[in-house]
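Heads up, the thing below is written out as structure tokens.
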Amino acid sequence: MYTQFHTSTLLPTLPLTHSPPLSRRTILLYSHRLPPLHRRRPTSLRFPLRISSCINSTGTICSSLSTEEEEERPSNNKRVKAYPFHEIEPKWQRYWEEHKTFRTPHDDLDTTKPKYYVLDMFPYPSGAGLHVGHPLGYTATDILARFKRMQGFNVLHPMGWDAFGLPAEQYAIQTGTHPKITTLRNIERFRSQLRSLGFSYDWDREISTTEPDYYKWTQWIYLQLLKRGLAYQAEVPVNWCPALGTVLANEEVVDGVSERGGHPVIRKPMRQWMLRITAYADSLLEDLNDLDWPESIKEMQRNWIGRSEGAEVEFHVMDTDGQQTDIKIVVYTTRPDTIFGATYLVLAPEHILLSSMVSEAQSKHVEEYKELAARKSDLERTELQKEKTGVFTGCYARNPATGEAIPIWIADYVLGSYGTGAIMAVPAHDTRDHEFASKYNLPICGVVMPNDQNISSFDKAYSGDGTVINSSNLTTGLDINGLSNKEAASEVTKWLEKSGNGKRKVNYKLRDWLFARQRYWGEPIPVIFLGETGETVPLPETELPITLPELDDFTPTGSGEPPLSKAASWVKTFDPLSGKPAERETNTMPQWAGSCWYYLRFMDPKNSKMLVDKAKEAYWSPVDVYVGGAEHAVLHLLYARFWHKVLYDIGVVSKKEPFQCVINQGIILGEVEYIAYRDPDGNLISADIVDELTELSQERVPEDEVRKSGDSYVLKDNPTIRLIARAHKMSKSRGNVINPDDVVSEYGADSLRLYEMFMGPLRDSKPWNTSGIEGVHRFLARAWRLIVGSPSPSGEFKDGTVALDEEPSPDQLRSLHKCIDKVTEEIEATRFNTGISAMMEFINAAYKWKKLPRSTAEAFVLLLSPYAPHMAEELWSRLGHSNSLAHEPFPKANPEYLKESTLVLPVQINGKTRGTIEVEKECSEEDAFRLASQDSRLSKFLDGQKVKKRIYVPGKILNVILDAKKVKVGQR
């Protein structure tokens, strides 16, 4: 393990100040000055090297080099692995599979033990397979699952596939390959990649949303929604994509085009299946308070639900003679106190009453505007920064508070899907209304005055609190002048209800869930329509599952009819109860359907008689930890909570909420890219002045040509040129995707797992850095060599370990138990990076020991196992164990070894501090003085001196008073 050599020969210019330990960089810095023969020697050693140096009689430094870290080295023209992960990892993956190590019993489970249900958000198995960003959350849940198993919990840690959806259908259209074929192929690839990373999933519970045995119960849930009036059909404006031939959800439309393919999207009314999620709005809102979720995620859901209290106000449309008609425009407002300031109405372009009130003169303008608005997404229409546009309808309505006629406009910033699809515009107190009124010269009437100032003209909208002004009408009997705006709101609401012009109303931004898709690759909706009457008839539960017919042509029909309409023999059917001719529903469910309840099926995946067994659900619910991306913060989580609450109300589940704790892992970005700018003449321009210039080109700069300068990055050769450094989300289009298969091949799965946890806090986003994985790879290699020993010259490691059957010393036990305590605490808090740091510190300490006790090595291997399970299993086996460590008890820290047993004691000579010594906490005065006398820094003050007095305060200070007569001349 040690190599003796003379550094005067090997490193002739190495200064003595570089005493141990020496880094690899230090060795290499000097090795360039060696003759060629000698220069090869250091590179065949392992670095960094610890040099224990002494000067012999000839003045030559004699040194012992211990290999603290190893690198791959050439031997017999072969590339030697730092440790044999390429053999270890497949071996233990086979073992786990053959022995079903992580199987959670289905029926013979010991339910007296505590449970832990840890779940990854359902992945969609795309053809591209995994990239290194995917395993981040999966590794975190696997660490938790392994940790809890070792703590004696029954652990449910399953995996499955959310495999219906548009991407597979689009690929089928492009290639002519049935989506089932590509889906199964993609699932196989994902499964293989996940297995290669050593995740401890119970593969016996694997499910896919595309299997009839699964979606039978998705259809069953739909029938329960239908029975309770929570599923219904309605004519609603939808995002229709002619190119894709389907309706898109709002989140699938970006800047007026489809997120997939970039095709134009228009708004048009269609009869669609809807789910009445609004019936559960209050429950969805209130129950958020009891969940251990990130506050930002809960706030996003609160905003999405958007509960508000206000009033509905009725504005009667007036005819051409100025008389009030029976046509009423109902407006919802959260500010009824401002009703006297309502100087016009705005309707959504898709408002149902619009066609019945537009004047002949304005009809053409209104129709043109409606067509333009239909091409915009809801997000585009409501964007605050965009310029407000609209068209006058040529019609008026009566303000019930003032009795005055106010114009009716249409504008696309009002949505037909929100509120009543109409607003009373109060331009003095709403920014959007003020912009609109200013543009079209509409009246602006201030009715709320700030309490701390007097506004003479409302040239800007004031939306705060204040005192109501200009708000009295004897004819209508409403006078709220002088009231605070909050008091006025209450008075106006009472007046509306008393006069029959409106009522108190609680409103929600949340809309009912558009549930139909014009696609083939989705769950069939279990509904038929009777041939003679068109009556909607739910199919009996005994008919489930309604399976998809085989189709060769998945292309859109172009008419709005779904692709399933092409399966004529499947569409034509009979009502199983009456025997009457009928047609099947040809719309399918959205991809969200299968992912709304899959966590329940994992509890009881083989049950053919019910969705989930009551006893199993009662034991496993709720999911203890649910890990996934923040992009699912609203829709998936909200939809799943809605379905769960319905199932709770009908007695299928025992808990009100599905996921007790949600963790959003950060994103792993591509490697940092360094960008330089050049002007039209080709000259490099520093990034801090690019705003002042135009027509600049950009170019990538290789990392080895960049150095950091303060908080910035600059060119090595020209530090005046500052660069832009940024990391982007991984995507094929940017070419920055890192394939985990490549990383596993080069460094092993344990290194990938460890690196992704070591990059930083789980919840933070961070850039990938391939050089970073080399560091954790070296750490694992050091841990391996600590226990197994160094390899032979050919690179082979011996069987067994170097651990000895000896009792560990108190110092060794202190190091071990500090590590146990820290790793345990950090896993429980999901601070995995600092848990790894604690293990690295332990390895550093253990390398200084002369002997490695077996019990200490075993405890460390158990600590390492949730993070690097393959290596840990192999080390456990080499330490003499025949079974897997997966269910071995996780080490517990002994508090006795966590106490600090030593302290640093200041030592004074004649009242002046001359140094410190390290002593035991219970150190006596005699022992403290003896240690001080032996200390090289203090002994020179004490040698040959007569001690007059010693002042010792245990744990605080030792003060030695010397006899002044005996002080040597010149002694300071």
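By order of appearance in the structure tokens: chains A, B, ..., then residues from 1 within every chain, and ligands from 1 in the order shown.
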_helix (DSSP H, G or I) positions in region 145-238 of chain A, given as a PyMOL selection string_ = chain A and resi 145-150+166-175+179-196+203-205+212-227
*Test item: residues at most 7 Å from region 843-850 of chain A, only C-alpha atoms, excluding those fewer than 4 positions along its chain, as an MDAnalysis selection string*: chainID A and resid 783 786 839
Restricted to C-alpha atoms, what would the selected residues look like written as a PDB file, in the first residue's frame?
ATOM      1  CA  ALA A 783     -15.180   3.666   0.174  1.00  0.00           C
ATOM      2  CA  LEU A 786     -11.293   1.255   2.490  1.00  0.00           C
ATOM      3  CA  MET A 839     -20.380   9.996   4.711  1.00  0.00           C
TER       4      MET A 839
END
*Using only C-alpha atoms, find the one residue out of A:Ala676, A:Ile738, A:Ile88, A:Ala567 that sits nearest to Leu715 (chain A).*
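Nearest candidate to Leu715 (chain A) out of A:Ala676, A:Ile738, A:Ile88, A:Ala567: A:Ala676.
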*Grab the CA of Asp624 (chain A) to CA of Leu600 (chain A) distance for me, in Å with one decimal place.*
12.9 Å
Hey, what's within 10 Å of Glu705 (chain A) if we count only C-alpha atoms and toss same-chain stuff fewer than 4 positions away? As an mmCIF file with N, CA, C and O atoms, in the first residue's frame, please?
data_model
loop_
_atom_site.group_PDB
_atom_site.id
_atom_site.type_symbol
_atom_site.label_atom_id
_atom_site.label_comp_id
_atom_site.auth_asym_id
_atom_site.auth_seq_id
_atom_site.Cartn_x
_atom_site.Cartn_y
_atom_site.Cartn_z
ATOM 1 N N TYR A 674 -21.317 28.842 -22.306
ATOM 2 C CA TYR A 674 -20.646 30.140 -22.239
ATOM 3 C C TYR A 674 -20.755 30.804 -23.609
ATOM 4 O O TYR A 674 -20.377 30.224 -24.626
ATOM 5 N N VAL A 701 -18.360 29.286 -26.385
ATOM 6 C CA VAL A 701 -16.952 29.238 -26.002
ATOM 7 C C VAL A 701 -16.716 27.961 -25.209
ATOM 8 O O VAL A 701 -17.445 27.679 -24.251
ATOM 9 N N VAL A 714 -15.105 35.073 -17.652
ATOM 10 C CA VAL A 714 -14.358 35.829 -18.657
ATOM 11 C C VAL A 714 -13.498 34.857 -19.464
ATOM 12 O O VAL A 714 -13.288 33.705 -19.080
ATOM 13 N N LEU A 715 -13.004 35.364 -20.589
ATOM 14 C CA LEU A 715 -12.060 34.580 -21.388
ATOM 15 C C LEU A 715 -10.719 34.505 -20.667
ATOM 16 O O LEU A 715 -10.231 35.506 -20.131
ATOM 17 N N LYS A 716 -10.114 33.335 -20.652
ATOM 18 C CA LYS A 716 -8.801 33.194 -20.024
ATOM 19 C C LYS A 716 -7.773 34.084 -20.702
ATOM 20 O O LYS A 716 -6.963 34.745 -20.053
ATOM 21 N N ASP A 717 -7.812 34.095 -22.037
ATOM 22 C CA ASP A 717 -6.799 34.833 -22.787
ATOM 23 C C ASP A 717 -7.068 36.333 -22.836
ATOM 24 O O ASP A 717 -6.179 37.105 -23.205
ATOM 25 N N ASN A 718 -8.286 36.727 -22.500
ATOM 26 C CA ASN A 718 -8.633 38.146 -22.545
ATOM 27 C C ASN A 718 -9.671 38.441 -21.465
ATOM 28 O O ASN A 718 -10.873 38.478 -21.730
#
*Would you kindly return, as a PyMOL selection string, each protein, DNA or RNA residue with an atom no farther than 10 Å from any atom of Thr475 (chain A), considering only C-alpha atoms and excluding same-chain residues fewer than 6 positions away?*
chain A and resi 401-403
Atoms kept (N, CA, C and O atoms) for selection, written as a PDB file, in the first residue's frame:
ATOM      1  N   ALA A 401     -78.689  51.169 -10.712  1.00  0.00           N
ATOM      2  CA  ALA A 401     -78.454  52.114  -9.615  1.00  0.00           C
ATOM      3  C   ALA A 401     -78.665  53.552 -10.051  1.00  0.00           C
ATOM      4  O   ALA A 401     -79.272  54.355  -9.339  1.00  0.00           O
ATOM      5  N   THR A 402     -78.179  53.878 -11.277  1.00  0.00           N
ATOM      6  CA  THR A 402     -78.286  55.270 -11.741  1.00  0.00           C
ATOM      7  C   THR A 402     -79.513  55.502 -12.614  1.00  0.00           C
ATOM      8  O   THR A 402     -79.952  56.640 -12.791  1.00  0.00           O
ATOM      9  N   GLY A 403     -80.051  54.442 -13.190  1.00  0.00           N
ATOM     10  CA  GLY A 403     -81.173  54.559 -14.124  1.00  0.00           C
ATOM     11  C   GLY A 403     -80.759  55.025 -15.501  1.00  0.00           C
ATOM     12  O   GLY A 403     -81.603  55.188 -16.390  1.00  0.00           O
TER      13      GLY A 403
END
*Write out as a PyMOL selection string each polymer residue whose atoms come within 12 Å of region 413-418 of chain A, counting only C-alpha atoms; drop sequence neighbours fewer than 6 positions from it.*
chain A and resi 235-238+250+267-269+304-306+331-333+345-354+370+373-374+376-391+424-425+432-433+435-436+507-514
Set out as CSV a contact list for region 775-820 of chain A and region 891-909 of chain A with a cut-off of 7 Å, giving each residue of region 775-820 of chain A that qualifies its closest atom pair and distance in Å to one decimal, counting only C-alpha atoms, ordered by chain and rising residue number.
residue,atom,partner,partner_atom,distance
A:Leu813,CA,A:Tyr897,CA,6.6
A:Arg814,CA,A:Tyr897,CA,4.9
A:His817,CA,A:Ala893,CA,5.0
A:Lys818,CA,A:Leu898,CA,5.9
A:Ile820,CA,A:Ala893,CA,5.5
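With CA of Ala279 (chain A) on one side and CA of Cys596 (chain A) on the other, the separation reads 17.3 Å.
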_Using only C-alpha atoms, which protein or nucleic acid residues come within 7 Å of region 867-881 of chain A? Drop anything in the same chain fewer than 5 positions from it, and give the result as a PyMOL selection string._
chain A and resi 88-89+92+143+750+753-754+800-801+858+861-862
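Nearest residue to Pro400 (chain A) among A:Leu284, A:Ile339, A:Met357, A:Met610 is A:Ile339, counting only C-alpha atoms.
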*asked:* Give me the residues near Pro740 (chain A) as a ChimeraX atom specification, where near means some atom within 8 Å (using only C-alpha atoms) and where sequence neighbours in that chain fewer than 6 positions away do not count.
replied: /A:130-132,752
Print the selection's residues with N, CA, C and O atoms to a file, as a CSV table (one decimal), in the first residue's frame.
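Full text of part37.csv as output:
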chain,number,residue,atom,x,y,z
A,130,LEU,N,-35.4,8.0,-21.0
A,130,LEU,CA,-35.1,8.9,-19.9
A,130,LEU,C,-33.9,9.8,-20.3
A,130,LEU,O,-33.0,9.4,-21.1
A,131,HIS,N,-33.9,11.0,-19.7
A,131,HIS,CA,-32.6,11.7,-19.6
A,131,HIS,C,-32.2,11.9,-18.2
A,131,HIS,O,-33.0,11.5,-17.3
A,132,VAL,N,-31.1,12.5,-17.9
A,132,VAL,CA,-30.6,12.4,-16.5
A,132,VAL,C,-31.4,13.3,-15.6
A,132,VAL,O,-31.3,13.2,-14.3
A,752,LEU,N,-24.2,7.8,-10.6
A,752,LEU,CA,-25.2,8.7,-11.1
A,752,LEU,C,-26.2,9.0,-10.0
A,752,LEU,O,-26.6,10.2,-9.8
*With distances taken over only C-alpha atoms, which of A:Leu197, A:Gln219, A:Ala633, A:Pro622 is nearest to Glu657 (chain A)?*
A:Pro622
_Shortest interatomic distance to Ala803 (chain A) - which of A:Gly789, A:Leu816, A:Gly651, A:Trp620, counting only C-alpha atoms_ = A:Gly789
_Sel. of strand (DSSP E) residues, region 393-540 of chain A, as a ChimeraX atom specification_ = /A:393-398,405-411,422-425,448-449,467-468,472-473,478-479,502-507,513-514,527-530,536-538
*What does the distance from CA of Phe554 (chain A) to CA of Gln174 (chain A) come to in Å, to one decimal?*
9.7 Å
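Closest approach to Leu548 (chain A) from the set A:Gly482, A:Gly666, A:Pro212, A:Pro158 is made by A:Pro212, with distances taken over only C-alpha atoms.
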*Pick out the closest residue to Ala234 (chain A) from this set: A:Leu119, A:Leu478, A:Met449, A:Ala516. Count only C-alpha atoms.*
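Among the listed residues, A:Ala516 lies closest to Ala234 (chain A).
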